[in-house]
Amino acid sequence: MSEVIEAPGRQRGDAGEAARIGHWIEGALVPGESGRSGPVYNPATGEQTSAVDFATVDEVGHAVQVAKEAFTTWRALSLSRRTELFFRIRKLVDEHREDLAKFLTAEHGKVLSDAKGEVARGIEVIEYCCGIPELLKGDFSEQASTGIDVYSIRQPLGVVAGITPFNFPAMVPMWMWAPALACGNTFVLKPSEKDPSASLYTAELLKEAGVPDGVFNVVNGDKVAVDAILEHPEIRAVSFVGSTPIARYVYETATRHGKRCQALGGAKNHMIVLPDADVDMAADAAVSAAYGSAGERCMAISQVVAVGDVADRLVEAITKRIPDVKVGDGMDPSSEMGPLVTREHRDRVASYVEGAPDEGATVVVDGRESSPEGQGFWLGVSLLDNVTPEMRCYQDEIFGPVLGITRVPTYDEALRLVNENPYGNGTAIFTRDGGVARQFQFDVQAGMVGINVPIPVPVAYYSFGGWKSSLFGDSHVYGPEGITFYTRGKVVTSRWPDPATSRVDLGFPQTR
Ligand code: NAD
């Protein structure tokens, strides 16, 4: 069933040799020169489909230089022209959303319907950026002092960079490049080395839309490329999305090198279910949010906190739904959940299920027993009950199709668990009580809160970001905070004076 997609950056080698994926610099594909590369797999078959070149410091430097040269013209492009271009980008990405989605399924493994959903949410960010003239409007104060007007403007930073994770290979880059470009910056993207093709395909679409060469560049690579970005003096800002240890490292290194940085990290999203909740609705939500995209979402629900006597009913309702989750090749329209991204990751996720009984948890459903046959990186869905906070399966971000249930007697205890967790990305509460839900929204320490909504990813005109170890830096991504992040403010105080009023005055300027 698995369909191999030909990525734009691929250059076939000799028979038997994996196709190579290079970089995109100055509007063209460029083969890598380092001699270092990493394997890209089709997770549904376990086959290596290509090898992605890893950039050297010099190759990153070349991309930055090209972006720097493109900046002068790009930032001077009128807002109306940039808007026109963004409408063209939107149209092209929309027309090719299915192709883009196929790259995601081929390299990430997520099912095609989910991949299309990812692209759709990315397109919403592009649409938001079509309104860039409105978003960049400044303030104006006439007659701030006699004959003096004051106004504010926001200007682009210059060359900015994005470093992205494997789990949203199209959408997360769109969170970054769309607002960055709309604001007048030029961009260097370092996608995940596990699924780089969507970024190269995006580069082709941007070129076709009319984005000038050098404005958008892709360098593939590993830590060498990341460090080159973090240390390059011409890169003004870095956006990062990935795991917490790397997010912390990126934030510390980028800021030490004088850059603005927003670094989004990992998560352990809790879903609280109160005794008065609609159990069927909560069970549907838990199964969808825990196992969708094989749990490889930073907003996945990985921990349900069942309050009081709802626990037995909820576990039963979730367990009943699990056999219906169809695990299979993402290209098969009947599949609801695909494989995990790599064999190592699959084994790591399975180790939490294996270790759960020794920790004292109850394995209600063991996903290892329902994994499809074959060499793909398969793991069925697992449900662990009686999970407590000192267990490894509670503390770690598993990032796979493993849902834990923790039983607590009261709402206060449930809230305490969420607030004491080191992560603070998303959280959700399921209840029929509006007063408790409102109190939860007031008390909870997380950046994105769902009330009877399990994956509360904000719409494109709000900003996305967590609290605590889920975000380093003070800016969330996309939406209004994205526009602020990719621009800096300037305030102009202006006078067109009557020469007759000109005089020397050494005092501090007064407004009255
Ligand atoms: P990752 O941290 O391993 O990789 C992210 C990026 O960092 C990749 O481009 C990778 O090449 C680079 N990188 C990896 N190791 C590095 C190192 N030692 N030094 C420098 N760069 C390095 O993350 P991942 O496995 O690709 O993605 C999954 C993680 O991302 C999960 O923790 C998930 O929660 C998180 N995530 C968070 C959000 C969010 O919005 N908070 C969104 C998506 C994913």
# chains A, B, ... in the order shown; residues from 1 in each chain; ligands from 1

call {"tool": "residues_around", "arguments": {"residues": "range 28-30 of chain A", "least_positions_apart": "4", "cutoff": "12 Å", "atoms": "only C-alpha atoms", "output": "mmCIF file with C-alpha atoms, in the first residue's frame"}}
result
data_model
loop_
_atom_site.group_PDB
_atom_site.id
_atom_site.type_symbol
_atom_site.label_atom_id
_atom_site.label_comp_id
_atom_site.auth_asym_id
_atom_site.auth_seq_id
_atom_site.Cartn_x
_atom_site.Cartn_y
_atom_site.Cartn_z
ATOM 1 C CA ALA A 7 10.705 14.534 -3.076
ATOM 2 C CA PRO A 8 11.917 17.627 -4.929
ATOM 3 C CA GLY A 9 15.337 17.560 -3.332
ATOM 4 C CA ARG A 10 16.109 13.997 -4.228
ATOM 5 C CA GLN A 11 18.836 13.002 -6.582
ATOM 6 C CA ARG A 20 20.023 12.082 -1.652
ATOM 7 C CA ILE A 21 18.213 15.072 -0.224
ATOM 8 C CA GLY A 22 20.225 18.281 -0.364
ATOM 9 C CA HIS A 23 19.597 21.903 0.637
ATOM 10 C CA TRP A 24 17.674 24.809 -0.872
ATOM 11 C CA VAL A 52 19.552 13.676 3.846
ATOM 12 C CA ASP A 53 22.743 15.697 3.592
ATOM 13 C CA PHE A 54 24.013 17.329 6.759
ATOM 14 C CA ALA A 55 25.206 20.893 6.225
ATOM 15 C CA GLU A 59 27.082 25.746 3.995
ATOM 16 C CA VAL A 60 24.953 27.329 6.710
ATOM 17 C CA HIS A 62 26.442 30.521 2.641
ATOM 18 C CA ALA A 63 22.661 30.295 3.190
ATOM 19 C CA VAL A 66 22.389 34.747 0.572
ATOM 20 C CA SER A 197 11.152 16.650 2.168
ATOM 21 C CA SER A 199 10.393 21.772 3.617
ATOM 22 C CA LEU A 200 12.045 21.425 0.212
ATOM 23 C CA TYR A 201 8.669 21.069 -1.427
ATOM 24 C CA ALA A 203 10.587 25.999 -0.940
ATOM 25 C CA GLU A 204 9.560 25.077 -4.486
ATOM 26 C CA LEU A 205 6.046 26.373 -3.896
ATOM 27 C CA LEU A 206 7.343 29.664 -2.503
ATOM 28 C CA LYS A 207 9.553 30.111 -5.553
ATOM 29 C CA GLU A 208 6.665 29.338 -7.871
ATOM 30 C CA PRO A 212 12.588 36.086 -4.663
ATOM 31 C CA ASP A 213 15.598 33.787 -4.486
ATOM 32 C CA GLY A 214 17.415 33.930 -1.185
ATOM 33 C CA VAL A 215 14.392 35.015 0.849
ATOM 34 C CA PHE A 216 13.630 31.437 1.956
ATOM 35 C CA ASN A 217 16.409 28.874 2.362
ATOM 36 C CA VAL A 218 16.561 25.354 3.751
ATOM 37 C CA VAL A 219 19.676 23.810 5.248
ATOM 38 C CA ASN A 220 19.365 20.219 6.297
#

call {"tool": "residues_near_ligand", "arguments": {"ligand": "ligand 1", "cutoff": "8 Å", "atoms": "only C-alpha atoms and all ligand atoms", "output": "count of residues only"}}
result
46

call {"tool": "closest_residue", "arguments": {"among": "A:Lys110, A:Arg503, A:His270, A:Lys490", "to": "Gln395 in chain A", "atoms": "only C-alpha atoms"}}
result
A:His270

call {"tool": "closest_residue", "arguments": {"among": "A:Pro233, A:Pro372, A:Pro169, A:Pro31", "to": "Met337 in chain A", "atoms": "only C-alpha atoms"}}
result
A:Pro372

call {"tool": "residues_around", "arguments": {"residues": "range 173-189 of chain A", "least_positions_apart": "4", "cutoff": "6 Å", "atoms": "only C-alpha atoms", "output": "PyMOL selection string"}}
result
chain A and resi 67+71+75+122+126+129+156+158-162+215-218+478+486

call {"tool": "closest_residue", "arguments": {"among": "A:Pro454, A:Gly46, A:Pro499, A:Gly400", "to": "Ala282 in chain A", "atoms": "only C-alpha atoms"}}
result
A:Pro454

call {"tool": "select_by_dssp", "arguments": {"residues": "range 153-320 of chain A", "states": "alpha helix (DSSP H)", "output": "PyMOL selection string"}}
result
chain A and resi 171-182+197-209+223-231+244-256+279-291+310-320

call {"tool": "select_by_dssp", "arguments": {"residues": "range 56-151 of chain A", "states": "strand (DSSP E or B)", "output": "PyMOL selection string"}}
result
chain A and resi 140-145+148-151

call {"tool": "write_last_selection", "arguments": {"atoms": "N, CA and C atoms", "output": "compact mmCIF listing (two decimals), in the first residue's frame"}}
result
# COMPACT_ATOMS: atom_id res chain seq x y z
N PHE A 140 -0.12 56.49 16.08
CA PHE A 140 0.24 57.86 15.73
C PHE A 140 -0.40 58.81 16.73
N SER A 141 0.41 59.67 17.32
CA SER A 141 -0.13 60.67 18.24
C SER A 141 0.16 62.05 17.70
N GLU A 142 -0.86 62.69 17.24
CA GLU A 142 -0.69 64.03 16.70
C GLU A 142 -0.60 65.04 17.86
N GLN A 143 0.29 66.00 17.70
CA GLN A 143 0.42 67.09 18.66
C GLN A 143 0.74 66.56 20.08
N ALA A 144 1.71 65.61 20.14
CA ALA A 144 2.13 65.10 21.45
C ALA A 144 2.70 66.22 22.29
N SER A 145 3.42 67.10 21.62
CA SER A 145 3.80 68.37 22.22
C SER A 145 3.50 69.41 21.14
N ILE A 148 4.62 68.83 17.59
CA ILE A 148 5.37 67.56 17.55
C ILE A 148 4.40 66.39 17.48
N ASP A 149 4.67 65.51 16.51
CA ASP A 149 3.89 64.28 16.38
C ASP A 149 4.79 63.10 16.74
N VAL A 150 4.20 62.05 17.31
CA VAL A 150 4.95 60.85 17.67
C VAL A 150 4.25 59.65 17.05
N TYR A 151 5.03 58.79 16.43
CA TYR A 151 4.42 57.57 15.87
C TYR A 151 5.36 56.39 16.01

call {"tool": "atom_distance", "arguments": {"atom1": "CA of Ile429 in chain A", "atom2": "CA of Tyr291 in chain A"}}
result
18.1 Å

call {"tool": "atom_distance", "arguments": {"atom1": "CA of Met331 in chain A", "atom2": "CA of Gly295 in chain A"}}
result
18.1 Å

call {"tool": "atom_distance", "arguments": {"atom1": "CA of Val444 in chain A", "atom2": "CA of Arg121 in chain A"}}
result
25.8 Å

call {"tool": "decode", "arguments": {"residues": "range 66-98 of chain A", "atoms": "N, CA, C and O atoms", "output": "tab-separated table (two decimals), in the first residue's frame"}}
result
chain	number	residue	atom	x	y	z
A	66	VAL	N	23.37	34.58	1.64
A	66	VAL	CA	22.39	34.75	0.57
A	66	VAL	C	21.13	35.44	1.12
A	66	VAL	O	20.56	36.34	0.52
A	67	ALA	N	20.70	34.99	2.32
A	67	ALA	CA	19.51	35.58	2.94
A	67	ALA	C	19.77	37.04	3.30
A	67	ALA	O	18.88	37.88	3.20
A	68	LYS	N	20.97	37.31	3.71
A	68	LYS	CA	21.31	38.70	4.09
A	68	LYS	C	21.23	39.61	2.85
A	68	LYS	O	20.70	40.73	2.91
A	69	GLU	N	21.76	39.10	1.73
A	69	GLU	CA	21.72	39.91	0.51
A	69	GLU	C	20.28	40.12	0.03
A	69	GLU	O	19.94	41.19	-0.48
A	70	ALA	N	19.46	39.08	0.23
A	70	ALA	CA	18.06	39.19	-0.24
A	70	ALA	C	17.25	40.14	0.65
A	70	ALA	O	16.22	40.69	0.22
A	71	PHE	N	17.70	40.36	1.87
A	71	PHE	CA	16.92	41.13	2.84
A	71	PHE	C	16.67	42.57	2.38
A	71	PHE	O	15.56	43.09	2.51
A	72	THR	N	17.70	43.20	1.82
A	72	THR	CA	17.60	44.61	1.47
A	72	THR	C	16.41	44.86	0.54
A	72	THR	O	15.61	45.78	0.75
A	73	THR	N	16.28	44.01	-0.48
A	73	THR	CA	15.19	44.20	-1.43
A	73	THR	C	13.86	43.74	-0.84
A	73	THR	O	12.82	44.38	-1.03
A	74	TRP	N	13.91	42.62	-0.13
A	74	TRP	CA	12.67	42.03	0.40
A	74	TRP	C	12.00	42.98	1.40
A	74	TRP	O	10.80	43.18	1.37
A	75	ARG	N	12.80	43.57	2.28
A	75	ARG	CA	12.18	44.42	3.29
A	75	ARG	C	11.61	45.70	2.68
A	75	ARG	O	10.71	46.33	3.25
A	76	ALA	N	12.16	46.07	1.49
A	76	ALA	CA	11.69	47.30	0.84
A	76	ALA	C	10.44	47.08	-0.01
A	76	ALA	O	9.82	48.04	-0.48
A	77	LEU	N	10.10	45.81	-0.23
A	77	LEU	CA	8.91	45.52	-1.03
A	77	LEU	C	7.68	46.12	-0.34
A	77	LEU	O	7.53	45.99	0.88
A	78	SER	N	6.83	46.76	-1.13
A	78	SER	CA	5.68	47.42	-0.49
A	78	SER	C	4.77	46.39	0.16
A	78	SER	O	4.72	45.23	-0.24
A	79	LEU	N	4.05	46.84	1.15
A	79	LEU	CA	3.13	45.94	1.85
A	79	LEU	C	2.09	45.37	0.90
A	79	LEU	O	1.70	44.21	1.02
A	80	SER	N	1.67	46.19	-0.07
A	80	SER	CA	0.65	45.67	-0.98
A	80	SER	C	1.21	44.55	-1.85
A	80	SER	O	0.55	43.55	-2.11
A	81	ARG	N	2.47	44.68	-2.27
A	81	ARG	CA	3.09	43.61	-3.07
A	81	ARG	C	3.30	42.35	-2.22
A	81	ARG	O	3.09	41.23	-2.67
A	82	ARG	N	3.75	42.56	-0.98
A	82	ARG	CA	3.98	41.40	-0.10
A	82	ARG	C	2.65	40.67	0.17
A	82	ARG	O	2.60	39.45	0.22
A	83	THR	N	1.61	41.45	0.31
A	83	THR	CA	0.29	40.85	0.55
A	83	THR	C	-0.14	40.04	-0.67
A	83	THR	O	-0.62	38.90	-0.55
A	84	GLU	N	0.07	40.64	-1.83
A	84	GLU	CA	-0.29	39.95	-3.08
A	84	GLU	C	0.44	38.60	-3.15
A	84	GLU	O	-0.13	37.57	-3.48
A	85	LEU	N	1.73	38.65	-2.80
A	85	LEU	CA	2.54	37.43	-2.82
A	85	LEU	C	2.00	36.39	-1.83
A	85	LEU	O	1.95	35.20	-2.12
A	86	PHE	N	1.60	36.88	-0.66
A	86	PHE	CA	1.09	35.94	0.34
A	86	PHE	C	-0.22	35.29	-0.11
A	86	PHE	O	-0.46	34.13	0.19
A	87	PHE	N	-1.03	36.04	-0.83
A	87	PHE	CA	-2.24	35.41	-1.37
A	87	PHE	C	-1.87	34.33	-2.39
A	87	PHE	O	-2.50	33.28	-2.45
A	88	ARG	N	-0.81	34.60	-3.18
A	88	ARG	CA	-0.38	33.58	-4.16
A	88	ARG	C	0.17	32.35	-3.43
A	88	ARG	O	-0.07	31.22	-3.83
A	89	ILE	N	0.97	32.60	-2.37
A	89	ILE	CA	1.51	31.47	-1.59
A	89	ILE	C	0.35	30.64	-1.04
A	89	ILE	O	0.33	29.41	-1.13
A	90	ARG	N	-0.62	31.33	-0.50
A	90	ARG	CA	-1.77	30.64	0.09
A	90	ARG	C	-2.46	29.76	-0.95
A	90	ARG	O	-2.80	28.61	-0.71
A	91	LYS	N	-2.63	30.33	-2.14
A	91	LYS	CA	-3.33	29.60	-3.21
A	91	LYS	C	-2.54	28.37	-3.62
A	91	LYS	O	-3.08	27.28	-3.76
A	92	LEU	N	-1.22	28.53	-3.79
A	92	LEU	CA	-0.39	27.41	-4.23
A	92	LEU	C	-0.32	26.30	-3.18
A	92	LEU	O	-0.42	25.12	-3.51
A	93	VAL	N	-0.14	26.69	-1.93
A	93	VAL	CA	-0.08	25.66	-0.88
A	93	VAL	C	-1.43	24.94	-0.80
A	93	VAL	O	-1.48	23.72	-0.66
A	94	ASP	N	-2.49	25.71	-0.94
A	94	ASP	CA	-3.82	25.11	-0.92
A	94	ASP	C	-3.98	24.11	-2.08
A	94	ASP	O	-4.45	22.99	-1.89
A	95	GLU	N	-3.55	24.53	-3.28
A	95	GLU	CA	-3.69	23.64	-4.44
A	95	GLU	C	-2.86	22.37	-4.28
A	95	GLU	O	-3.18	21.34	-4.84
A	96	HIS	N	-1.75	22.48	-3.55
A	96	HIS	CA	-0.83	21.33	-3.42
A	96	HIS	C	-0.89	20.71	-2.04
A	96	HIS	O	0.04	20.03	-1.63
A	97	ARG	N	-1.98	20.95	-1.34
A	97	ARG	CA	-2.03	20.46	0.06
A	97	ARG	C	-1.95	18.94	0.12
A	97	ARG	O	-1.35	18.37	1.01
A	98	GLU	N	-2.53	18.28	-0.87
A	98	GLU	CA	-2.51	16.80	-0.88
A	98	GLU	C	-1.07	16.29	-1.11
A	98	GLU	O	-0.62	15.35	-0.46
